[in-house]
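K.L.:
Below is start07.cif; it holds mmCIF, C-alpha atoms.
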```cif
data_input
loop_
_atom_site.label_atom_id
_atom_site.label_comp_id
_atom_site.auth_asym_id
_atom_site.auth_seq_id
_atom_site.Cartn_x
_atom_site.Cartn_y
_atom_site.Cartn_z
CA MET A 172 70.37 -107.04 3.67
CA PRO A 173 71.01 -105.61 7.15
CA ALA A 174 68.02 -104.04 8.88
CA VAL A 175 69.69 -100.61 8.98
CA GLU A 176 70.04 -100.54 5.21
CA MET A 177 66.42 -101.58 4.73
CA LEU A 178 65.33 -98.84 7.10
CA PHE A 179 67.44 -96.31 5.17
CA ASP A 180 65.95 -97.43 1.84
CA ALA A 181 62.41 -97.28 3.20
CA LEU A 182 63.04 -93.76 4.56
CA LEU A 183 64.57 -92.71 1.24
CA LEU A 184 61.57 -93.99 -0.71
CA LEU A 185 59.15 -92.32 1.69
CA CYS A 186 60.98 -88.98 1.37
CA MET A 187 60.96 -89.29 -2.43
CA VAL A 188 57.22 -89.93 -2.54
CA VAL A 189 56.55 -87.01 -0.18
CA LEU A 190 58.80 -84.69 -2.20
CA ALA A 191 57.18 -85.77 -5.47
CA TRP A 192 53.77 -85.01 -3.93
CA GLN A 193 55.02 -81.61 -2.72
CA GLY A 194 56.47 -80.86 -6.13
CA VAL A 195 53.06 -81.28 -7.71
CA HIS A 196 50.87 -79.82 -4.98
CA ALA A 197 53.09 -77.05 -3.57
CA ARG A 198 51.44 -73.76 -2.68
CA ASN A 199 53.58 -71.82 -5.15
CA MET A 200 56.01 -72.46 -7.97
CA PHE A 201 59.11 -71.68 -5.92
CA ARG A 202 58.29 -74.41 -3.41
CA ALA A 203 57.54 -76.78 -6.28
CA VAL A 204 60.94 -76.10 -7.87
CA VAL A 205 62.78 -76.56 -4.57
CA SER A 206 60.91 -79.83 -3.98
CA PHE A 207 61.87 -80.95 -7.47
CA MET A 208 65.56 -80.19 -6.82
CA MET A 209 65.51 -82.08 -3.54
CA PHE A 210 63.74 -84.94 -5.31
CA GLY A 211 66.58 -85.00 -7.85
CA LEU A 212 69.16 -85.12 -5.07
CA LEU A 213 67.41 -88.02 -3.35
CA THR A 214 67.05 -89.78 -6.72
CA ALA A 215 70.84 -89.57 -7.00
CA VAL A 216 71.14 -91.18 -3.56
CA ALA A 217 68.72 -93.88 -4.72
CA TRP A 218 70.94 -94.59 -7.75
CA VAL A 219 73.91 -94.89 -5.37
CA ARG A 220 71.93 -97.42 -3.35
CA LEU A 221 71.24 -99.32 -6.59
CA GLU A 222 75.02 -99.33 -7.19
CA ALA A 223 74.78 -97.20 -10.33
CA PRO A 224 77.24 -94.37 -9.56
CA ASP A 225 77.34 -93.21 -13.20
CA ILE A 226 73.63 -92.45 -13.24
CA ALA A 227 73.87 -90.98 -9.73
CA LEU A 228 76.53 -88.52 -10.93
CA ALA A 229 74.44 -87.53 -13.94
CA GLU A 230 71.26 -87.24 -11.86
CA ALA A 231 72.92 -85.11 -9.16
CA SER A 232 74.56 -82.74 -11.61
CA LEU A 233 71.85 -82.56 -14.30
CA GLY A 234 68.61 -83.52 -12.57
CA ALA A 235 69.13 -81.76 -9.26
CA GLY A 236 71.68 -79.11 -10.20
CA LEU A 237 71.29 -77.67 -13.67
CA THR A 238 67.62 -78.43 -14.25
CA GLY A 239 66.92 -76.75 -10.92
CA VAL A 240 68.96 -73.70 -11.94
CA LEU A 241 67.11 -73.54 -15.28
CA LEU A 242 63.74 -73.76 -13.52
CA LEU A 243 64.72 -71.09 -10.97
CA ALA A 244 66.02 -68.81 -13.74
CA THR A 245 62.73 -69.29 -15.61
CA LEU A 246 60.81 -68.55 -12.44
CA GLY A 247 62.75 -65.30 -12.04
CA ARG A 248 61.67 -64.19 -15.51
CA LEU A 249 58.00 -65.02 -15.06
CA ALA A 250 55.50 -62.49 -13.80
CA PRO A 251 54.81 -62.80 -10.07
CA GLU A 252 52.35 -65.56 -9.39
CA ARG A 253 48.80 -64.71 -8.44
CA ARG A 254 47.57 -66.44 -5.34
CA ARG A 255 44.71 -68.67 -6.35
CA PRO A 256 42.59 -70.52 -3.88
CA ARG A 257 42.33 -74.18 -4.70
CA PRO A 258 38.88 -75.73 -4.43
CA ARG A 259 39.42 -78.54 -2.01
CA GLN A 260 36.62 -80.83 -2.98
CA ALA A 261 37.53 -80.68 -6.66
CA MET A 262 41.06 -81.77 -5.84
CA THR A 263 40.08 -85.03 -4.17
CA LEU A 264 37.81 -85.75 -7.11
CA THR A 265 40.60 -85.19 -9.64
CA VAL A 266 43.18 -87.09 -7.60
CA LEU A 267 41.21 -90.35 -7.43
CA PRO A 268 41.30 -91.26 -11.14
CA TRP A 269 44.99 -90.33 -11.33
CA LEU A 270 45.72 -92.46 -8.29
CA ALA A 271 43.95 -95.40 -9.90
CA LEU A 272 45.81 -94.79 -13.16
CA GLY A 273 49.13 -94.53 -11.31
CA LEU A 274 48.56 -97.79 -9.47
CA ALA A 275 47.52 -99.53 -12.69
CA GLY A 276 50.62 -98.15 -14.47
CA THR A 277 52.87 -99.30 -11.63
CA TRP A 278 51.32 -102.76 -11.79
CA VAL A 279 51.83 -102.99 -15.56
CA LEU A 280 55.47 -101.84 -15.25
CA LEU A 281 56.06 -104.37 -12.49
CA ALA A 282 54.58 -107.15 -14.62
CA VAL A 283 56.72 -106.10 -17.60
CA THR A 284 59.86 -105.91 -15.44
CA LEU A 285 59.26 -109.42 -14.13
CA ALA A 286 58.66 -110.71 -17.65
CA LEU A 287 61.97 -109.33 -18.95
CA PRO A 288 64.82 -111.83 -19.46
CA ALA A 289 66.51 -111.87 -16.07
CA PRO A 290 70.18 -110.95 -16.64
CA GLY A 291 69.31 -108.38 -19.33
CA LEU A 292 72.06 -107.42 -21.74
CA GLY A 293 74.74 -107.31 -19.03
CA GLU A 294 76.37 -110.57 -20.07
CA ALA A 295 76.48 -109.56 -23.73
CA VAL A 296 78.19 -106.30 -22.75
CA PHE A 297 80.78 -108.05 -20.59
CA ALA A 298 81.45 -110.60 -23.35
CA ALA A 299 82.21 -107.76 -25.77
CA MET A 300 84.32 -105.72 -23.30
CA PRO A 301 87.73 -106.85 -24.72
CA GLU A 302 86.84 -105.10 -27.98
CA ALA A 303 85.40 -101.98 -26.35
CA GLY A 304 88.63 -100.01 -25.96
CA VAL A 305 87.69 -98.88 -22.44
CA ASP A 306 87.53 -100.61 -19.08
CA SER A 307 84.26 -99.08 -17.89
CA PRO A 308 81.22 -101.03 -19.15
CA VAL A 309 79.01 -97.92 -18.90
CA THR A 310 81.32 -95.88 -21.13
CA ALA A 311 81.62 -98.85 -23.48
CA VAL A 312 77.83 -98.92 -23.91
CA LEU A 313 77.43 -95.14 -24.17
CA LEU A 314 80.28 -94.41 -26.56
CA ASN A 315 80.85 -97.68 -28.40
CA PHE A 316 78.11 -100.33 -28.41
CA ARG A 317 75.22 -97.86 -28.33
CA ALA A 318 77.08 -94.73 -29.46
CA TRP A 319 74.23 -94.08 -31.89
CA ASP A 320 71.88 -93.29 -28.95
CA THR A 321 74.41 -90.90 -27.42
CA LEU A 322 74.89 -89.19 -30.77
CA LEU A 323 71.14 -88.58 -30.98
CA GLU A 324 71.04 -87.30 -27.38
CA ILE A 325 73.71 -84.74 -28.19
CA ALA A 326 71.87 -83.82 -31.39
CA VAL A 327 68.68 -83.24 -29.38
CA MET A 328 70.55 -80.95 -26.95
CA LEU A 329 72.01 -79.00 -29.86
CA LEU A 330 68.55 -78.68 -31.40
CA ALA A 331 67.26 -77.32 -28.09
CA VAL A 332 69.98 -74.65 -28.09
CA ILE A 333 69.24 -73.77 -31.74
CA GLY A 334 65.54 -73.53 -30.92
CA LEU A 335 66.28 -71.26 -27.98
CA TRP A 336 68.58 -69.03 -30.02
CA SER A 337 65.95 -68.68 -32.71
CA LEU A 338 63.59 -67.21 -30.11
CA GLY A 339 65.73 -64.16 -29.44
CA GLN A 340 68.80 -62.73 -27.83
CA ASP A 341 70.51 -63.43 -24.56
CA VAL A 342 67.89 -62.73 -21.90
CA LEU A 343 70.08 -63.28 -18.87
CA ALA A 344 68.71 -61.05 -16.16
CA SER A 345 70.68 -57.89 -15.51
CA PRO A 346 73.57 -58.41 -13.11
CA SER A 347 72.37 -58.99 -9.62
CA THR A 348 71.68 -55.79 -7.73
CA LEU A 349 72.70 -57.47 -4.50
CA PRO A 350 76.02 -56.18 -3.18
CA ALA A 351 77.45 -59.62 -2.49
CA PRO A 352 81.25 -59.49 -2.61
CA SER A 353 81.47 -63.06 -1.36
CA LEU A 354 79.97 -64.63 -4.50
CA PRO A 355 82.60 -63.41 -7.01
CA ALA A 356 85.28 -64.34 -4.48
CA LEU A 357 83.80 -67.83 -4.17
CA VAL A 358 83.67 -68.23 -7.94
CA ARG A 359 87.31 -67.17 -8.30
CA LEU A 360 88.20 -69.81 -5.75
CA LEU A 361 85.99 -72.60 -7.12
CA PHE A 362 86.21 -72.15 -10.90
CA PRO A 363 89.65 -73.80 -11.24
CA LEU A 364 88.31 -76.67 -9.15
CA PHE A 365 85.33 -77.01 -11.50
CA LEU A 366 87.69 -77.21 -14.48
CA LEU A 367 89.91 -79.71 -12.70
CA SER A 368 86.93 -81.93 -11.78
CA THR A 369 85.61 -81.71 -15.34
CA PHE A 370 88.81 -83.09 -16.79
CA TYR A 371 89.11 -85.61 -13.97
CA LEU A 372 85.66 -86.98 -14.80
CA LEU A 373 86.49 -87.06 -18.53
CA TRP A 374 89.68 -88.97 -17.84
CA ARG A 375 87.97 -91.26 -15.35
CA GLY A 376 85.22 -92.13 -17.84
CA GLY A 377 87.58 -94.64 -19.46
CA HIS A 378 87.77 -96.91 -16.43
CA GLY A 379 85.18 -95.90 -13.86
CA PRO A 380 82.10 -93.79 -13.12
CA GLY A 381 82.43 -90.49 -14.97
CA GLY A 382 82.43 -89.56 -18.62
CA ALA A 383 81.10 -86.90 -20.91
CA PHE A 384 77.71 -86.16 -19.35
CA PRO A 385 78.74 -85.59 -15.70
CA ALA A 386 81.88 -83.79 -16.88
CA GLY A 387 79.86 -81.51 -19.15
CA ALA A 388 77.36 -80.84 -16.40
CA LEU A 389 80.16 -79.91 -14.00
CA LEU A 390 81.71 -77.57 -16.56
CA ALA A 391 78.31 -75.97 -17.11
CA ALA A 392 77.81 -75.64 -13.34
CA GLY A 393 81.09 -73.73 -13.08
CA LEU A 394 80.20 -71.48 -16.02
CA VAL A 395 76.67 -70.81 -14.71
CA LEU A 396 78.06 -69.97 -11.27
CA ALA A 397 80.45 -67.51 -12.93
CA LEU A 398 77.54 -65.96 -14.86
CA LEU A 399 75.52 -65.67 -11.63
CA ALA A 400 78.45 -63.90 -9.99
CA GLY A 401 78.41 -61.23 -12.69
CA ALA A 402 80.79 -62.64 -15.29
CA ARG A 403 79.76 -62.17 -18.92
CA VAL A 404 80.61 -64.14 -22.04
CA PRO A 405 83.86 -62.58 -23.33
CA ARG A 406 83.28 -60.81 -26.63
CA ARG A 407 85.92 -62.83 -28.47
CA MET A 408 84.08 -66.01 -27.46
CA THR A 409 80.71 -65.00 -28.92
CA GLY A 410 79.87 -65.80 -32.51
CA ALA A 411 82.02 -68.35 -34.29
CA PRO A 412 84.05 -69.71 -31.32
CA MET A 413 80.91 -70.39 -29.30
CA ARG A 414 79.14 -71.98 -32.28
CA TRP A 415 82.11 -74.26 -32.89
CA ALA A 416 82.19 -75.20 -29.21
CA LEU A 417 78.46 -75.97 -29.30
CA GLY A 418 78.77 -78.12 -32.41
CA ALA A 419 82.12 -79.78 -31.64
CA GLY A 420 80.60 -82.79 -29.88
CA LEU A 421 78.13 -83.68 -32.62
CA LEU A 422 80.65 -82.89 -35.35
CA THR A 423 83.41 -85.05 -33.82
CA PHE A 424 80.93 -87.84 -33.22
CA LEU A 425 79.77 -87.78 -36.85
CA ILE A 426 83.29 -87.51 -38.26
CA VAL A 427 84.36 -90.55 -36.22
CA ALA A 428 81.19 -92.50 -37.08
CA VAL A 429 81.54 -91.86 -40.81
CA GLY A 430 85.36 -91.93 -40.76
CA VAL A 431 85.56 -95.56 -39.62
CA MET A 432 83.61 -96.46 -42.77
CA GLY A 433 86.73 -95.41 -44.72
CA TYR A 434 88.56 -98.33 -43.07
CA GLY A 435 85.96 -100.77 -44.32
CA GLU A 436 84.00 -100.88 -41.05
CA ALA A 437 80.29 -100.27 -40.61
CA PHE A 438 78.85 -96.91 -39.45
CA PHE A 439 80.06 -96.41 -35.83
CA ALA A 440 81.91 -99.76 -35.73
CA TYR A 441 85.27 -98.68 -34.28
CA PRO A 442 88.21 -100.90 -35.24
CA PRO A 443 89.05 -102.51 -31.87
CA GLU A 444 92.73 -101.51 -32.01
CA HIS A 445 91.83 -97.79 -32.33
CA ALA A 446 88.66 -97.83 -30.20
CA SER A 447 90.41 -96.46 -27.11
CA LEU A 448 91.72 -93.35 -28.87
CA LEU A 449 88.49 -92.72 -30.81
CA ILE A 450 86.39 -92.96 -27.64
CA ALA A 451 88.72 -90.56 -25.81
CA VAL A 452 88.47 -88.01 -28.65
CA VAL A 453 84.68 -88.30 -28.83
CA GLU A 454 84.36 -88.16 -25.04
CA ILE A 455 86.40 -84.96 -24.68
CA ALA A 456 84.61 -83.20 -27.56
CA ALA A 457 81.19 -84.33 -26.30
CA GLY A 458 81.97 -83.30 -22.71
CA LEU A 459 83.05 -79.79 -23.71
CA SER A 460 80.06 -79.39 -26.03
CA ILE A 461 77.61 -80.61 -23.39
CA GLY A 462 79.06 -78.08 -20.93
CA VAL A 463 78.75 -75.22 -23.41
CA MET A 464 75.27 -76.33 -24.52
CA LEU A 465 73.96 -76.45 -20.96
CA THR A 466 75.44 -73.00 -20.29
CA ALA A 467 73.84 -71.72 -23.50
CA LEU A 468 70.48 -73.06 -22.30
CA PHE A 469 70.96 -71.08 -19.08
CA LEU A 470 71.90 -67.93 -21.01
CA GLY A 471 68.56 -68.24 -22.79
CA GLY A 472 69.68 -66.83 -26.13
CA GLU A 473 72.68 -66.06 -28.25
CA PRO A 474 75.13 -63.72 -26.49
CA THR A 475 75.74 -60.88 -28.92
CA ASP A 476 78.40 -58.26 -29.50
CA SER A 477 75.85 -55.47 -29.80
CA ARG A 478 74.74 -56.19 -26.28
CA SER A 479 78.19 -55.75 -24.78
CA GLU A 480 78.66 -52.55 -26.79
CA ARG A 481 75.49 -51.11 -25.38
CA ARG A 482 76.76 -51.52 -21.86
CA MET B 100 90.39 -96.88 20.05
CA SER B 101 90.23 -94.72 16.93
CA THR B 102 87.05 -96.56 15.91
CA PHE B 103 85.45 -95.57 19.19
CA ALA B 104 86.66 -91.97 18.89
CA GLY B 105 85.35 -91.85 15.31
CA ALA B 106 81.93 -93.09 16.38
CA ALA B 107 81.86 -90.55 19.22
CA LEU B 108 82.68 -87.72 16.78
CA ILE B 109 79.91 -88.85 14.40
CA VAL B 110 77.35 -88.97 17.20
CA LEU B 111 78.44 -85.52 18.35
CA GLY B 112 78.10 -84.29 14.76
CA LEU B 113 74.58 -85.72 14.56
CA LEU B 114 73.66 -83.85 17.75
CA PHE B 115 74.81 -80.59 16.14
CA PHE B 116 72.78 -81.42 12.99
CA LEU B 117 69.78 -82.02 15.24
CA SER B 118 70.24 -78.71 17.05
CA GLY B 119 70.63 -76.89 13.73
CA THR B 120 67.41 -78.46 12.46
CA VAL B 121 65.56 -77.58 15.68
CA GLY B 122 66.79 -74.01 15.20
CA LEU B 123 65.55 -74.01 11.60
CA LEU B 124 62.10 -75.13 12.75
CA ARG B 125 61.77 -73.03 15.89
CA PHE B 126 63.50 -69.69 15.24
CA PRO B 127 61.30 -66.76 14.25
CA ASP B 128 62.76 -65.38 10.99
CA VAL B 129 65.08 -66.15 8.11
CA PHE B 130 68.14 -64.48 9.68
CA THR B 131 68.00 -66.33 12.99
CA ARG B 132 67.27 -69.57 11.14
CA LEU B 133 70.33 -69.05 8.94
CA HIS B 134 72.36 -68.33 12.05
CA ALA B 135 71.31 -71.63 13.59
CA LEU B 136 71.58 -73.74 10.47
CA SER B 137 74.83 -72.50 8.92
CA LYS B 138 76.96 -72.62 12.02
CA ALA B 139 75.61 -75.82 13.55
CA ASP B 140 75.58 -77.74 10.25
CA THR B 141 79.10 -76.69 9.27
CA LEU B 142 80.44 -77.85 12.61
CA ALA B 143 78.34 -81.02 12.42
CA LEU B 144 79.68 -81.90 8.97
CA GLY B 145 83.23 -81.24 10.19
CA LEU B 146 82.74 -83.59 13.12
CA ILE B 147 81.22 -86.29 10.90
CA CYS B 148 84.03 -85.95 8.34
CA ALA B 149 86.59 -86.20 11.15
CA GLY B 150 84.79 -89.24 12.54
CA LEU B 151 84.71 -90.93 9.13
CA ALA B 152 88.37 -90.07 8.57
CA LEU B 153 89.23 -91.91 11.80
CA HIS B 154 87.36 -94.94 10.46
CA SER B 155 89.37 -94.95 7.23
CA ASP B 156 92.96 -96.04 6.81
CA ALA B 157 93.43 -94.60 3.31
CA GLY B 158 95.12 -91.22 3.21
CA ALA B 159 93.34 -90.34 -0.05
CA VAL B 160 89.93 -90.88 1.56
CA GLN B 161 90.87 -88.72 4.54
CA LEU B 162 92.09 -85.99 2.22
CA LYS B 163 88.82 -86.14 0.25
CA LEU B 164 86.80 -85.85 3.46
CA LEU B 165 88.82 -82.79 4.45
CA LEU B 166 88.28 -81.31 0.98
CA ILE B 167 84.52 -81.93 1.23
CA TRP B 168 84.41 -80.10 4.55
CA LEU B 169 86.47 -77.15 3.28
CA LEU B 170 84.30 -76.81 0.14
CA VAL B 171 81.11 -76.91 2.21
CA ILE B 172 82.51 -74.30 4.61
CA VAL B 173 83.25 -71.90 1.75
CA SER B 174 80.07 -72.48 -0.24
CA GLY B 175 77.86 -72.65 2.87
CA ALA B 176 79.12 -69.32 4.14
CA THR B 177 78.57 -67.72 0.74
CA CYS B 178 75.08 -69.20 0.39
CA SER B 179 74.07 -67.97 3.84
CA SER B 180 75.35 -64.50 3.03
CA LEU B 181 73.46 -64.51 -0.29
CA ILE B 182 70.20 -65.67 1.30
CA ALA B 183 70.49 -63.05 4.06
CA ARG B 184 71.24 -60.29 1.54
CA ALA B 185 68.37 -61.38 -0.71
CA ALA B 186 66.03 -61.36 2.29
CA LEU B 187 67.17 -57.85 3.27
CA ALA B 188 66.76 -56.67 -0.33
CA HIS B 189 63.20 -58.01 -0.33
CA GLY B 190 62.43 -55.87 2.69
CA ILE B 191 62.43 -58.55 5.36
CA ARG B 192 63.46 -56.83 8.56
CA PRO B 193 65.37 -58.79 11.20
CA TRP B 194 63.14 -60.07 13.97
CA GLN B 195 63.10 -58.10 17.20
CA ARG B 196 61.58 -59.12 20.47
#
```
How would this structure read if it were set down as structure tokens?
P.N.:
Amino acid sequence: MPAVEMLFDALLLLCMVVLAWQGVHARNMFRAVVSFMMFGLLTAVAWVRLEAPDIALAEASLGAGLTGVLLLATLGRLAPERRRPRPRQAMTLTVLPWLALGLAGTWVLLAVTLALPAPGLGEAVFAAMPEAGVDSPVTAVLLNFRAWDTLLEIAVMLLAVIGLWSLGQDVLASPSTLPAPSLPALVRLLFPLFLLSTFYLLWRGGHGPGGAFPAGALLAAGLVLALLAGARVPRRMTGAPMRWALGAGLLTFLIVAVGVMGYGEAFFAYPPEHASLLIAVVEIAAGLSIGVMLTALFLGGEPTDSRSERR
Amino acid sequence: MSTFAGAALIVLGLLFFLSGTVGLLRFPDVFTRLHALSKADTLALGLICAGLALHSDAGAVQLKLLLIWLLVIVSGATCSSLIARAALAHGIRPWQR
């Protein structure tokens, strides 16, 4: 590896450690959240350096982008933080055991990593690629070989939305009082681009880095930006249409998984000649649902008709 | 020749990034810092994108670099305006000598 690249990696790692430290020990929550977002961005760069662009895309859009927005939105709803002096001596005392534990954990992980079979499951995946129905090994694993895991991930996200909705109504802060004409103008300009990139990533998932999760995150980013600029969920979209959109991913996934059993296959075992089409259908439904679910998490509750009537 | 010109543009861009960062660290309040950062960094990114475009032969890559710059111009300007307005709304008065 050239010296410049090693220097870059070392600098990247150093920045990540410093940001992680700042995220935990920042003076206030806002600084902690900003450190966390920057940490997510640098993690995405680290994934690029590890030649895993799929994970980098997901990390940049979900880890740095939407999680950061969710944390900032939460911060805006919390009561202002009280300044509390931190006893200095106590901190060093509490840090030492954690440091020892962290080092021990790192050592154990390192030992486990070295003990793992060297090529991992990569060769098995590549051997099965002709039957996958897609050209991208990552998509093949996510939506074919290990589709069961992805199904459960989507189910967990849906459960999170249901849990949030059961807590109460849409708590999105009142429209910003800032007279900022540039933000709505920006959203009008960018929203079509967000939609275009969403479908580009969905399409690209079949043969390269992309797929349902980054596409959904991008869709959610566009929708959240629109909400921040003062847009509200249209009344005809609340209720049934939104619930169908939220459930579409899981529903499509389950229908496909159970449906292939009708052709004499096992649960989730796509017939190789139809795998391509089935994966495309599942990917589009999952991408749209993930986008709507992430937006629903940002909304913080079910958008209701009564609310728009009150306005 | 174009390789040399590209490298020169990138170095020039880095100098603008450096000056923007110095401004961020040294200027007295949020408005002056925004002034330094937004303008210098936008220009710096433009220079670096132009430099990288000269290093690439593919038209698609050059178009993407241009698109990146245009998107950052638009979103950067809006972000700066939002931060400045939020600062004003929170009662931060512009610094005066």
K.L.:
Using only C-alpha atoms, pick whichever of B:Leu162, B:Ala185, B:Ile191, B:Leu142 has the shortest atom-to-atom distance to chain A.
P.N.:
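Closest candidate: B:Ala185.
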K.L.:
I need the residue nearest chain A from this list: B:Thr177, B:His154, B:Ala183, B:Trp194. Use only C-alpha atoms for the distance.
P.N.:
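Among the listed residues, the smallest separation from chain A belongs to B:Thr177.
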K.L.:
Taking the file above as input, evaluate the PyMOL selection byres ((chain A) within 12 of (chain B)) and report the hits as a short mmCIF file (atom, residue, chain, number, x, y, z; two decimals) with C-alpha atoms, keeping the file's coordinate frame.
P.N.:
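File written: out24.cif
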```cif
data_model
loop_
_atom_site.label_atom_id
_atom_site.label_comp_id
_atom_site.auth_asym_id
_atom_site.auth_seq_id
_atom_site.Cartn_x
_atom_site.Cartn_y
_atom_site.Cartn_z
CA SER A 347 72.37 -58.99 -9.62
CA THR A 348 71.68 -55.79 -7.73
CA LEU A 349 72.70 -57.47 -4.50
CA PRO A 350 76.02 -56.18 -3.18
CA ALA A 351 77.45 -59.62 -2.49
CA PRO A 352 81.25 -59.49 -2.61
CA SER A 353 81.47 -63.06 -1.36
CA LEU A 354 79.97 -64.63 -4.50
CA PRO A 355 82.60 -63.41 -7.01
CA ALA A 356 85.28 -64.34 -4.48
CA LEU A 357 83.80 -67.83 -4.17
CA VAL A 358 83.67 -68.23 -7.94
CA ARG A 359 87.31 -67.17 -8.30
CA LEU A 360 88.20 -69.81 -5.75
CA LEU A 361 85.99 -72.60 -7.12
CA LEU A 364 88.31 -76.67 -9.15
CA PHE A 365 85.33 -77.01 -11.50
CA LEU A 396 78.06 -69.97 -11.27
CA LEU A 399 75.52 -65.67 -11.63
CA ALA A 400 78.45 -63.90 -9.99
#
```
K.L.:
When the PyMOL selection byres ((chain B and resi 106) around 10) is applied to the file above, which residues end up in the set, as a PyMOL selection string?
P.N.:
chain B and resi 100-105+107-112+147+149-151+153-154
K.L.:
Selection in question (the file shown): the PyMOL selection byres ((chain A and resi 411-427) around 8). Which residues does it include, as a PyMOL selection string?
P.N.:
chain A and resi 322+325-326+329+407-410+428-431+439+449+452-453+456-461+463-464
K.L.:
To one decimal place, how far is CA of Ala143 in chain B from CA of Leu113 in chain B in Å?
P.N.:
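So the answer is 6.4 Å.
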K.L.:
Work out how far CA of Gly119 in chain B is from CA of Val204 in chain A, in Å to one decimal.
P.N.:
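Result for CA of Val204 in chain A versus CA of Gly119 in chain B: 23.7 Å, one decimal.
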K.L.:
Please define a box with edges along x, y and z of the file around all atoms of range 138-141 of chain B given in the file, extend it by 6 Å on each side, and return its centre and edge lengths in Å to one decimal, as lines of an AutoDock Vina configuration file.
P.N.:
```
center_x = 77.3
center_y = -75.2
center_z = 11.4
size_x = 15.5
size_y = 17.1
size_z = 16.3
```
K.L.:
Would you kindly return, as a short mmCIF file (atom, residue, chain, number, x, y, z; two decimals) with C-alpha atoms, in the coordinates of the input, each protein, DNA or RNA residue with an atom no farther than 10 Å from any atom of range 132-137 of chain B, considering all atoms listed in the file and excluding same-chain residues fewer than 4 positions away?
P.N.:
```
data_model
loop_
_atom_site.label_atom_id
_atom_site.label_comp_id
_atom_site.auth_asym_id
_atom_site.auth_seq_id
_atom_site.Cartn_x
_atom_site.Cartn_y
_atom_site.Cartn_z
CA PHE B 115 74.81 -80.59 16.14
CA PHE B 116 72.78 -81.42 12.99
CA LEU B 117 69.78 -82.02 15.24
CA SER B 118 70.24 -78.71 17.05
CA GLY B 119 70.63 -76.89 13.73
CA THR B 120 67.41 -78.46 12.46
CA VAL B 121 65.56 -77.58 15.68
CA GLY B 122 66.79 -74.01 15.20
CA LEU B 123 65.55 -74.01 11.60
CA LEU B 124 62.10 -75.13 12.75
CA ARG B 125 61.77 -73.03 15.89
CA PHE B 126 63.50 -69.69 15.24
CA PRO B 127 61.30 -66.76 14.25
CA ASP B 128 62.76 -65.38 10.99
CA THR B 141 79.10 -76.69 9.27
CA LEU B 142 80.44 -77.85 12.61
CA ALA B 143 78.34 -81.02 12.42
CA ILE B 172 82.51 -74.30 4.61
CA GLY B 175 77.86 -72.65 2.87
CA ALA B 176 79.12 -69.32 4.14
CA CYS B 178 75.08 -69.20 0.39
CA SER B 179 74.07 -67.97 3.84
CA SER B 180 75.35 -64.50 3.03
CA ILE B 182 70.20 -65.67 1.30
CA ALA B 183 70.49 -63.05 4.06
#
```
K.L.:
For Thr214 in chain A, work out the shell of residues within 10 Å, counting all atoms listed in the file and skipping chain neighbours fewer than 6 positions away, then give it as a list of chain:residue names.
P.N.:
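Those residues are A:Leu183, A:Leu184, A:Met187, A:Met208, A:Arg220, A:Ile226, A:Ala227, A:Glu230, A:Ala231, A:Gly234, A:Ala235.
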K.L.:
One decimal, Å: what's the distance from CA of Gly239 in chain A over to CA of Ser206 in chain A, could you say?
P.N.:
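For CA of Gly239 in chain A relative to CA of Ser206 in chain A, the distance reads 9.7 Å.
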